[in-house]
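> File follows, start.pdb with PDB, C-alpha atoms and all ligand atoms:
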```
ATOM      1  CA  MET H  12       0.000   0.000   0.000
ATOM      2  CA  SER H  13       1.341   3.426  -0.971
ATOM      3  CA  ASN H  14       0.580   6.969   0.119
ATOM      4  CA  ILE H  15      -0.273   9.113  -2.881
ATOM      5  CA  PHE H  16      -0.551  12.889  -3.016
ATOM      6  CA  ILE H  17      -2.566  14.305  -5.946
ATOM      7  CA  THR H  18      -3.349  17.897  -6.943
ATOM      8  CA  GLY H  19      -6.626  18.747  -8.697
ATOM      9  CA  VAL H  20      -8.789  15.899  -7.361
ATOM     10  CA  SER H  21     -12.152  17.696  -7.369
ATOM     11  CA  SER H  22     -12.982  16.710 -10.981
ATOM     12  CA  GLY H  23     -11.816  15.026 -14.173
ATOM     13  CA  VAL H  24      -8.624  12.988 -14.295
ATOM     14  CA  GLY H  25      -7.552  13.737 -10.696
ATOM     15  CA  ARG H  26     -10.892  12.570  -9.318
ATOM     16  CA  GLN H  27     -10.654   9.309 -11.297
ATOM     17  CA  LEU H  28      -7.041   8.738 -10.227
ATOM     18  CA  THR H  29      -8.139   9.119  -6.598
ATOM     19  CA  LYS H  30     -11.027   6.666  -6.961
ATOM     20  CA  GLN H  31      -8.886   4.049  -8.715
ATOM     21  CA  TYR H  32      -5.975   4.326  -6.275
ATOM     22  CA  VAL H  33      -8.333   4.024  -3.280
ATOM     23  CA  ALA H  34     -10.101   1.033  -4.888
ATOM     24  CA  ASP H  35      -6.677  -0.606  -5.217
ATOM     25  CA  GLY H  36      -6.083  -0.194  -1.461
ATOM     26  CA  HIS H  37      -3.846   2.905  -1.451
ATOM     27  CA  LYS H  38      -4.252   6.056   0.644
ATOM     28  CA  VAL H  39      -4.690   9.383  -1.132
ATOM     29  CA  TRP H  40      -4.255  12.964   0.047
ATOM     30  CA  GLY H  41      -5.837  15.314  -2.484
ATOM     31  CA  VAL H  42      -6.033  19.052  -2.957
ATOM     32  CA  ALA H  43      -8.220  21.418  -5.003
ATOM     33  CA  ARG H  44     -10.084  24.690  -4.455
ATOM     34  CA  ARG H  45     -13.741  23.553  -4.527
ATOM     35  CA  LYS H  46     -14.531  22.322  -1.009
ATOM     36  CA  LEU H  47     -17.976  20.991  -1.901
ATOM     37  CA  GLU H  48     -16.586  18.708  -4.628
ATOM     38  CA  LEU H  49     -13.868  17.473  -2.264
ATOM     39  CA  GLN H  50     -16.464  16.710   0.403
ATOM     40  CA  LYS H  51     -18.600  14.815  -2.125
ATOM     41  CA  LEU H  52     -15.614  12.737  -3.226
ATOM     42  CA  SER H  53     -14.717  11.985   0.381
ATOM     43  CA  GLU H  54     -18.256  10.738   1.064
ATOM     44  CA  GLU H  55     -18.010   8.351  -1.911
ATOM     45  CA  LEU H  56     -14.811   6.771  -0.620
ATOM     46  CA  GLU H  57     -14.016   4.418   2.233
ATOM     47  CA  GLU H  58     -13.302   6.135   5.553
ATOM     48  CA  ASP H  59      -9.641   6.966   6.204
ATOM     49  CA  SER H  60      -8.653   6.104   2.606
ATOM     50  CA  PHE H  61      -8.900   9.714   1.429
ATOM     51  CA  HIS H  62      -7.936  12.986   3.085
ATOM     52  CA  TYR H  63      -8.111  16.372   1.490
ATOM     53  CA  SER H  64      -7.094  19.987   1.925
ATOM     54  CA  VAL H  65      -8.759  22.939   0.275
ATOM     55  CA  CYS H  66      -5.747  24.499  -1.389
ATOM     56  CA  ASP H  67      -4.998  26.756  -4.326
ATOM     57  CA  VAL H  68      -1.715  25.544  -5.837
ATOM     58  CA  SER H  69      -0.800  29.092  -6.804
ATOM     59  CA  ASN H  70      -0.886  30.186  -3.148
ATOM     60  CA  GLU H  71       2.266  29.448  -1.135
ATOM     61  CA  ILE H  72       0.597  30.047   2.244
ATOM     62  CA  GLU H  73      -2.141  27.504   1.462
ATOM     63  CA  ILE H  74       0.512  25.026   0.314
ATOM     64  CA  GLU H  75       2.446  25.390   3.596
ATOM     65  CA  LYS H  76      -0.818  24.931   5.520
ATOM     66  CA  THR H  77      -1.584  21.753   3.556
ATOM     67  CA  LYS H  78       1.889  20.378   4.320
ATOM     68  CA  SER H  79       1.312  21.024   8.052
ATOM     69  CA  GLU H  80      -2.043  19.199   7.883
ATOM     70  CA  MET H  81      -0.341  16.234   6.236
ATOM     71  CA  ASP H  82       2.457  16.233   8.840
ATOM     72  CA  SER H  83      -0.080  16.321  11.704
ATOM     73  CA  ASN H  84      -1.699  13.211  10.194
ATOM     74  CA  ASN H  85       1.685  11.509   9.589
ATOM     75  CA  PHE H  86       0.916  11.335   5.873
ATOM     76  CA  ASN H  87       4.192  11.018   3.974
ATOM     77  CA  PRO H  88       3.732  10.457   0.242
ATOM     78  CA  ASP H  89       5.500   7.820  -1.837
ATOM     79  CA  ILE H  90       4.128   9.277  -5.084
ATOM     80  CA  VAL H  91       3.304  12.946  -5.833
ATOM     81  CA  ILE H  92       1.034  13.510  -8.850
ATOM     82  CA  LEU H  93       0.989  17.093 -10.145
ATOM     83  CA  ASN H  94      -2.279  17.146 -12.038
ATOM     84  CA  ALA H  95      -4.012  20.482 -11.241
ATOM     85  CA  GLY H  96      -4.395  22.591 -14.359
ATOM     86  CA  ILE H  97      -6.459  25.297 -16.030
ATOM     87  CA  ASN H  98      -6.963  26.587 -19.549
ATOM     88  CA  PRO H  99      -9.036  29.785 -19.305
ATOM     89  CA  GLU H 100      -7.782  30.886 -22.718
ATOM     90  CA  SER H 101      -9.946  28.233 -24.346
ATOM     91  CA  ASN H 102     -12.886  30.580 -23.853
ATOM     92  CA  ASN H 103     -11.673  33.418 -26.055
ATOM     93  CA  ASN H 104      -9.182  34.542 -28.660
ATOM     94  CA  SER H 105      -7.853  37.654 -26.957
ATOM     95  CA  PHE H 106      -4.301  38.188 -25.736
ATOM     96  CA  SER H 107      -4.389  38.570 -21.965
ATOM     97  CA  LEU H 108      -1.179  38.696 -19.951
ATOM     98  CA  ILE H 109      -3.219  38.342 -16.750
ATOM     99  CA  GLU H 110      -4.660  35.038 -18.006
ATOM    100  CA  ILE H 111      -1.257  33.802 -19.148
ATOM    101  CA  GLU H 112       0.226  34.591 -15.734
ATOM    102  CA  GLU H 113      -2.613  32.734 -14.001
ATOM    103  CA  VAL H 114      -1.996  29.711 -16.237
ATOM    104  CA  MET H 115       1.758  29.712 -15.498
ATOM    105  CA  GLN H 116       1.130  30.150 -11.751
ATOM    106  CA  THR H 117      -1.185  27.132 -11.715
ATOM    107  CA  ASN H 118       0.090  24.717 -14.373
ATOM    108  CA  TYR H 119       3.830  25.355 -14.044
ATOM    109  CA  LEU H 120       4.815  27.019 -10.748
ATOM    110  CA  GLY H 121       1.811  25.378  -9.041
ATOM    111  CA  ALA H 122       3.451  22.031  -9.852
ATOM    112  CA  LEU H 123       7.056  22.982  -9.028
ATOM    113  CA  ARG H 124       6.048  24.329  -5.590
ATOM    114  CA  TRP H 125       5.179  20.777  -4.510
ATOM    115  CA  ILE H 126       8.563  19.552  -5.700
ATOM    116  CA  GLN H 127      10.166  22.144  -3.437
ATOM    117  CA  ILE H 128       7.973  20.904  -0.565
ATOM    118  CA  PHE H 129       8.600  17.170  -0.973
ATOM    119  CA  ILE H 130      12.070  16.836  -2.488
ATOM    120  CA  PRO H 131      13.999  17.132   0.835
ATOM    121  CA  PHE H 132      11.940  14.239   2.252
ATOM    122  CA  PHE H 133      12.394  12.109  -0.900
ATOM    123  CA  LEU H 134      16.149  12.787  -0.925
ATOM    124  CA  GLU H 135      16.438  11.837   2.717
ATOM    125  CA  LYS H 136      14.740   8.476   2.246
ATOM    126  CA  LYS H 137      16.424   8.048  -1.166
ATOM    127  CA  GLN H 138      13.170   7.195  -2.916
ATOM    128  CA  GLY H 139      10.030   8.797  -4.244
ATOM    129  CA  GLN H 140       8.266   9.522  -7.501
ATOM    130  CA  PHE H 141       7.008  12.798  -8.934
ATOM    131  CA  VAL H 142       4.513  12.679 -11.805
ATOM    132  CA  ALA H 143       3.716  15.632 -14.085
ATOM    133  CA  ILE H 144       0.392  15.587 -15.896
ATOM    134  CA  SER H 145       1.425  17.512 -18.983
ATOM    135  CA  SER H 146      -0.226  17.764 -22.389
ATOM    136  CA  LEU H 147       0.469  16.965 -26.025
ATOM    137  CA  ASN H 148       0.290  20.754 -26.388
ATOM    138  CA  ALA H 149       3.760  20.765 -24.791
ATOM    139  CA  TYR H 150       5.073  19.543 -28.155
ATOM    140  CA  ARG H 151       3.627  22.331 -30.311
ATOM    141  CA  GLY H 152       2.363  25.841 -29.641
ATOM    142  CA  ASP H 153      -1.347  26.065 -30.392
ATOM    143  CA  SER H 154      -2.615  29.412 -31.720
ATOM    144  CA  ARG H 155      -5.687  29.107 -29.492
ATOM    145  CA  TRP H 156      -3.732  28.770 -26.233
ATOM    146  CA  ILE H 157      -0.664  30.950 -25.835
ATOM    147  CA  GLY H 158      -0.112  30.426 -22.112
ATOM    148  CA  TYR H 159      -1.365  26.848 -21.852
ATOM    149  CA  SER H 160       1.021  25.326 -24.436
ATOM    150  CA  ALA H 161       3.931  27.245 -22.864
ATOM    151  CA  SER H 162       3.023  26.166 -19.317
ATOM    152  CA  LYS H 163       2.918  22.487 -20.282
ATOM    153  CA  SER H 164       6.108  22.776 -22.331
ATOM    154  CA  ALA H 165       7.879  24.387 -19.338
ATOM    155  CA  LEU H 166       6.617  21.618 -17.049
ATOM    156  CA  SER H 167       7.807  18.855 -19.390
ATOM    157  CA  ARG H 168      11.228  20.484 -19.920
ATOM    158  CA  SER H 169      11.689  20.966 -16.147
ATOM    159  CA  PHE H 170      10.933  17.290 -15.588
ATOM    160  CA  GLU H 171      13.606  16.355 -18.152
ATOM    161  CA  SER H 172      16.113  18.456 -16.198
ATOM    162  CA  LEU H 173      15.023  17.038 -12.831
ATOM    163  CA  ARG H 174      15.329  13.491 -14.197
ATOM    164  CA  GLY H 175      18.910  14.232 -15.216
ATOM    165  CA  ARG H 176      19.825  15.918 -11.951
ATOM    166  CA  TYR H 177      18.426  13.283  -9.576
ATOM    167  CA  ALA H 178      19.026  10.167 -11.715
ATOM    168  CA  ASP H 179      21.347   8.532  -9.157
ATOM    169  CA  LYS H 180      19.462   9.603  -6.003
ATOM    170  CA  GLY H 181      16.644   7.036  -6.133
ATOM    171  CA  LEU H 182      14.066   9.554  -7.352
ATOM    172  CA  PHE H 183      11.780   9.056 -10.369
ATOM    173  CA  PHE H 184      10.272  11.820 -12.484
ATOM    174  CA  THR H 185       7.496  10.654 -14.809
ATOM    175  CA  THR H 186       5.944  12.923 -17.436
ATOM    176  CA  ILE H 187       2.548  12.048 -18.901
ATOM    177  CA  HIS H 188       1.493  13.910 -22.054
ATOM    178  CA  LEU H 189      -2.281  13.705 -22.285
ATOM    179  CA  GLY H 190      -4.281  14.129 -25.475
ATOM    180  CA  ALA H 191      -7.976  15.038 -25.394
ATOM    181  CA  ILE H 192      -9.798  13.675 -22.331
ATOM    182  CA  ASP H 193     -13.545  13.947 -21.860
ATOM    183  CA  THR H 194     -13.489  16.239 -18.791
ATOM    184  CA  GLY H 195     -14.620  19.824 -18.206
ATOM    185  CA  MET H 196     -11.383  21.023 -19.765
ATOM    186  CA  GLY H 197     -11.581  18.686 -22.767
ATOM    187  CA  ALA H 198     -15.329  19.134 -23.320
ATOM    188  CA  ASN H 199     -14.920  21.344 -26.411
ATOM    189  CA  SER H 200     -12.447  19.039 -28.110
ATOM    190  CA  SER H 201     -13.783  17.250 -31.187
ATOM    191  CA  SER H 202     -10.764  14.937 -31.358
ATOM    192  CA  PRO H 203     -11.722  11.468 -32.627
ATOM    193  CA  PHE H 204      -9.120  10.142 -30.172
ATOM    194  CA  LYS H 205     -10.789  11.612 -27.072
ATOM    195  CA  ILE H 206     -10.935   9.119 -24.170
ATOM    196  CA  SER H 207     -12.821   9.026 -20.879
ATOM    197  CA  PRO H 208     -11.168  10.227 -17.638
ATOM    198  CA  SER H 209     -11.447   6.737 -16.149
ATOM    199  CA  LYS H 210      -9.614   5.181 -19.123
ATOM    200  CA  ALA H 211      -6.979   7.916 -18.886
ATOM    201  CA  ALA H 212      -6.569   7.298 -15.137
ATOM    202  CA  LYS H 213      -6.115   3.554 -15.715
ATOM    203  CA  LYS H 214      -3.347   4.176 -18.265
ATOM    204  CA  ILE H 215      -1.696   6.827 -16.069
ATOM    205  CA  ILE H 216      -1.589   4.453 -13.070
ATOM    206  CA  LYS H 217      -0.033   1.721 -15.236
ATOM    207  CA  THR H 218       2.625   4.157 -16.490
ATOM    208  CA  ILE H 219       3.390   5.353 -12.940
ATOM    209  CA  SER H 220       3.912   1.833 -11.637
ATOM    210  CA  SER H 221       6.167   0.963 -14.589
ATOM    211  CA  LYS H 222       8.290   4.038 -13.607
ATOM    212  CA  LYS H 223       8.613   4.996 -17.286
ATOM    213  CA  PRO H 224      10.175   8.463 -17.688
ATOM    214  CA  CYS H 225       7.695   9.661 -20.298
ATOM    215  CA  LYS H 226       4.455   8.523 -21.922
ATOM    216  CA  SER H 227       1.835   9.977 -24.284
ATOM    217  CA  ILE H 228      -1.788   8.941 -23.733
ATOM    218  CA  PRO H 229      -3.252   8.123 -26.227
ATOM    219  CA  ILE H 230      -0.352   7.472 -28.589
ATOM    220  CA  ILE H 231      -1.832   8.194 -32.069
ATOM    221  CA  PRO H 232      -2.246  11.982 -31.556
ATOM    222  CA  ARG H 233       1.414  12.082 -30.408
ATOM    223  CA  ILE H 234       2.491  10.457 -33.693
ATOM    224  CA  LEU H 235       0.335  12.928 -35.654
ATOM    225  CA  ILE H 236       1.847  15.920 -33.822
ATOM    226  CA  GLY H 237       5.299  14.667 -34.830
ATOM    227  CA  PHE H 238       4.154  14.383 -38.443
ATOM    228  CA  PHE H 239       2.565  17.877 -38.400
ATOM    229  CA  ARG H 240       6.033  19.292 -37.610
ATOM    230  CA  ILE H 241       6.547  19.484 -41.380
ATOM    231  CA  PHE H 242       3.816  22.165 -41.529
ATOM    232  CA  THR H 243       4.670  25.811 -40.908
ATOM    233  CA  ASP H 244       3.133  27.328 -37.760
ATOM    234  CA  ARG H 245       0.722  29.322 -39.970
ATOM    235  CA  LEU H 246      -0.448  26.237 -41.856
ATOM    236  CA  PHE H 247      -0.732  24.199 -38.656
ATOM    237  CA  SER H 248      -2.836  26.935 -37.065
ATOM    238  CA  LYS H 249      -5.099  27.192 -40.158
ATOM    239  CA  MET H 250      -5.592  23.447 -40.173
ATOM    240  CA  MET H 251      -6.505  23.337 -36.463
ATOM    241  CA  ASN H 252      -8.923  26.260 -36.857
ATOM    242  CA  THR H 253     -10.579  24.806 -39.979
ATOM    243  CA  TYR H 254     -10.996  21.489 -38.187
ATOM    244  CA  ARG H 255     -12.483  23.294 -35.181
ATOM    245  CA  ASP H 256     -14.891  25.376 -37.319
ATOM    246  CA  HIS H 257     -16.222  22.260 -39.053
ATOM    247  CA  LYS H 258     -16.705  20.078 -36.013
TER     248      LYS H 258
HETATM  249  N1  LIG Q 301      -8.946  17.284 -20.545
HETATM  250  C1  LIG Q 301      -8.050  17.326 -21.501
HETATM  251  O1  LIG Q 301      -8.380  17.244 -22.702
HETATM  252  C2  LIG Q 301      -6.574  17.444 -21.150
HETATM  253  C3  LIG Q 301      -5.626  17.320 -22.181
HETATM  254  C4  LIG Q 301      -4.293  17.401 -21.880
HETATM  255  C5  LIG Q 301      -3.883  17.625 -20.569
HETATM  256  N2  LIG Q 301      -4.812  17.756 -19.579
HETATM  257  C6  LIG Q 301      -4.335  18.029 -18.221
HETATM  258  O2  LIG Q 301      -4.900  17.104 -17.307
HETATM  259  C7  LIG Q 301      -4.969  17.693 -16.005
HETATM  260  C8  LIG Q 301      -6.330  17.447 -15.404
HETATM  261  O3  LIG Q 301      -7.299  18.178 -16.144
HETATM  262  P1  LIG Q 301      -8.772  17.640 -16.374
HETATM  263  O4  LIG Q 301      -8.920  17.360 -17.799
HETATM  264  O5  LIG Q 301      -9.101  16.595 -15.385
HETATM  265  O6  LIG Q 301      -9.591  18.993 -16.103
HETATM  266  P2  LIG Q 301     -10.587  19.405 -14.931
HETATM  267  O7  LIG Q 301     -11.699  18.431 -14.800
HETATM  268  O8  LIG Q 301     -10.894  20.831 -15.189
HETATM  269  O9  LIG Q 301      -9.689  19.262 -13.608
HETATM  270  C9  LIG Q 301      -8.731  20.205 -13.237
HETATM  271  C10 LIG Q 301      -8.471  20.028 -11.740
HETATM  272  O10 LIG Q 301      -7.454  20.980 -11.363
HETATM  273  C11 LIG Q 301      -7.911  21.671 -10.201
HETATM  274  N3  LIG Q 301      -7.334  23.013 -10.147
HETATM  275  C12 LIG Q 301      -7.364  23.974 -11.100
HETATM  276  N4  LIG Q 301      -6.753  25.083 -10.663
HETATM  277  C13 LIG Q 301      -6.330  24.823  -9.397
HETATM  278  C14 LIG Q 301      -5.644  25.566  -8.412
HETATM  279  N5  LIG Q 301      -5.251  26.844  -8.631
HETATM  280  N6  LIG Q 301      -5.378  24.976  -7.224
HETATM  281  C15 LIG Q 301      -5.759  23.704  -6.980
HETATM  282  N7  LIG Q 301      -6.408  22.938  -7.874
HETATM  283  C16 LIG Q 301      -6.697  23.491  -9.065
HETATM  284  C17 LIG Q 301      -9.421  21.713 -10.328
HETATM  285  O11 LIG Q 301     -10.020  21.853  -9.064
HETATM  286  P3  LIG Q 301     -10.678  23.187  -8.471
HETATM  287  O12 LIG Q 301     -11.319  23.929  -9.610
HETATM  288  O13 LIG Q 301     -11.643  22.675  -7.461
HETATM  289  O14 LIG Q 301      -9.556  23.928  -7.840
HETATM  290  C18 LIG Q 301      -9.696  20.315 -10.885
HETATM  291  O15 LIG Q 301      -9.785  19.380  -9.834
HETATM  292  C19 LIG Q 301      -4.617  19.185 -16.202
HETATM  293  O16 LIG Q 301      -3.298  19.430 -15.826
HETATM  294  C20 LIG Q 301      -4.778  19.381 -17.701
HETATM  295  O17 LIG Q 301      -3.983  20.431 -18.197
HETATM  296  C21 LIG Q 301      -6.142  17.656 -19.835
END
```
Show this structure as structure tokens.


Amino acid sequence: MSNIFITGVSSGVGRQLTKQYVADGHKVWGVARRKLELQKLSEELEEDSFHYSVCDVSNEIEIEKTKSEMDSNNFNPDIVILNAGINPESNNNSFSLIEIEEVMQTNYLGALRWIQIFIPFFLEKKQGQFVAISSLNAYRGDSRWIGYSASKSALSRSFESLRGRYADKGLFFTTIHLGAIDTGMGANSSSPFKISPSKAAKKIIKTISSKKPCKSIPIIPRILIGFFRIFTDRLFSKMMNTYRDHK
């Protein structure tokens, strides 16, 4: 049985990861901002298998408070899954630095803050696994999402660096690049490769236990993104927009 810490458990992929880990006999500590959704999830799960803190991952004070709550309950994670993410830009086509900053604070720095919190403990016990829930958008800037693609690219690149730095210290850094998933965030996607959050969670858990450094889920969109590299950015953007307009 492992202790698993997950960010963004109030909906979508994080919620499914929590349910599947608990069903497999593990203990989960989850965080998110919506207290009501966290309470509902807690009521669905077996007593003492799931603990939560209401915490905004862009707020350092709330993160410190969450760490204290975990310490008081003697909850030390074996696996830390950095899943919380937003994409407010999907709602419009404007350029907003405020939105881009919010995206970076949540998707990028909101993930790295937990590495700062847990890495001393992992180094001391010479084991531990961090998991980044990134996106296929990390591989190519999308004209619809200026901050989102950059935040996921930064997260994936940082994990490459961390993997190199801590390779001989017993620590694992796993990066998962998700394609379209049928959650609130993926609702507008018309991708024919879209999968359910429970299927995504199943594949993520399998990848985490195999300790693979990097995995794309599902794989076909990853192959297509590689192929689309031959297109100029302008052509790629036109193609994505035409596809979107005709869905
Ligand atoms: N769905 C897709 O098509 C897709 C594709 C590629 C990658 N991904 C990635 O997969 C991950 C999970 O997304 P999802 O599809 O499951 O979307 P989702 O249903 O919208 O879930 C996002 C989760 O992140 C939490 N969250 C957002 N901002 C937060 C903050 N500041 N502090 C704490 N928690 C926060 C949300 O909880 P609260 O609102 O309660 O805080 C929610 O639990 C994200 O990193 C996303 O970028 C998704």

> Please provide as a list in words all residues within 9 Å of Phe16 (chain H), with the sequence filter that same-chain residues fewer than 4 positions apart are discarded (counting only C-alpha atoms).

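Listed by chain and then number, they are Lys38, Val39, Trp40, Gly41, Val42, Asn87, Pro88, Asp89, Ile90, Val91, Ile92 and Leu93 of chain H.
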
> When the PyMOL selection byres (((chain H and resi 105-120) around 12) and not hetatm) is applied to the file above, which residues end up in the set, as a count of residues only?

51

> What residues come out when you apply the PyMOL selection byres (((chain H and resi 196-202) around 12) and not hetatm) to this file, written as number ranges by chain?

H: 22-24, 95-102, 146, 159, 189-195, 203-208, 229, 231-232, 251-252, 254-258

> For ligand LIG 301 (chain Q), take all atoms listed in the file, fit an axis-aligned box around them, add 3 Å to each of the six sides, then output centre and edge lengths in Å rounded to one decimal, as AutoDock Vina command-line options.


```
--center_x -7.5 --center_y 21.7 --center_z -14.8 --size_x 14.4 --size_y 16.2 --size_z 21.7
```

> Could you tell me how far CA of Cys225 (chain H) lies from CA of Ser13 (chain H), in Å and to one decimal?

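That distance, rounded to one decimal, is 21.3 Å.
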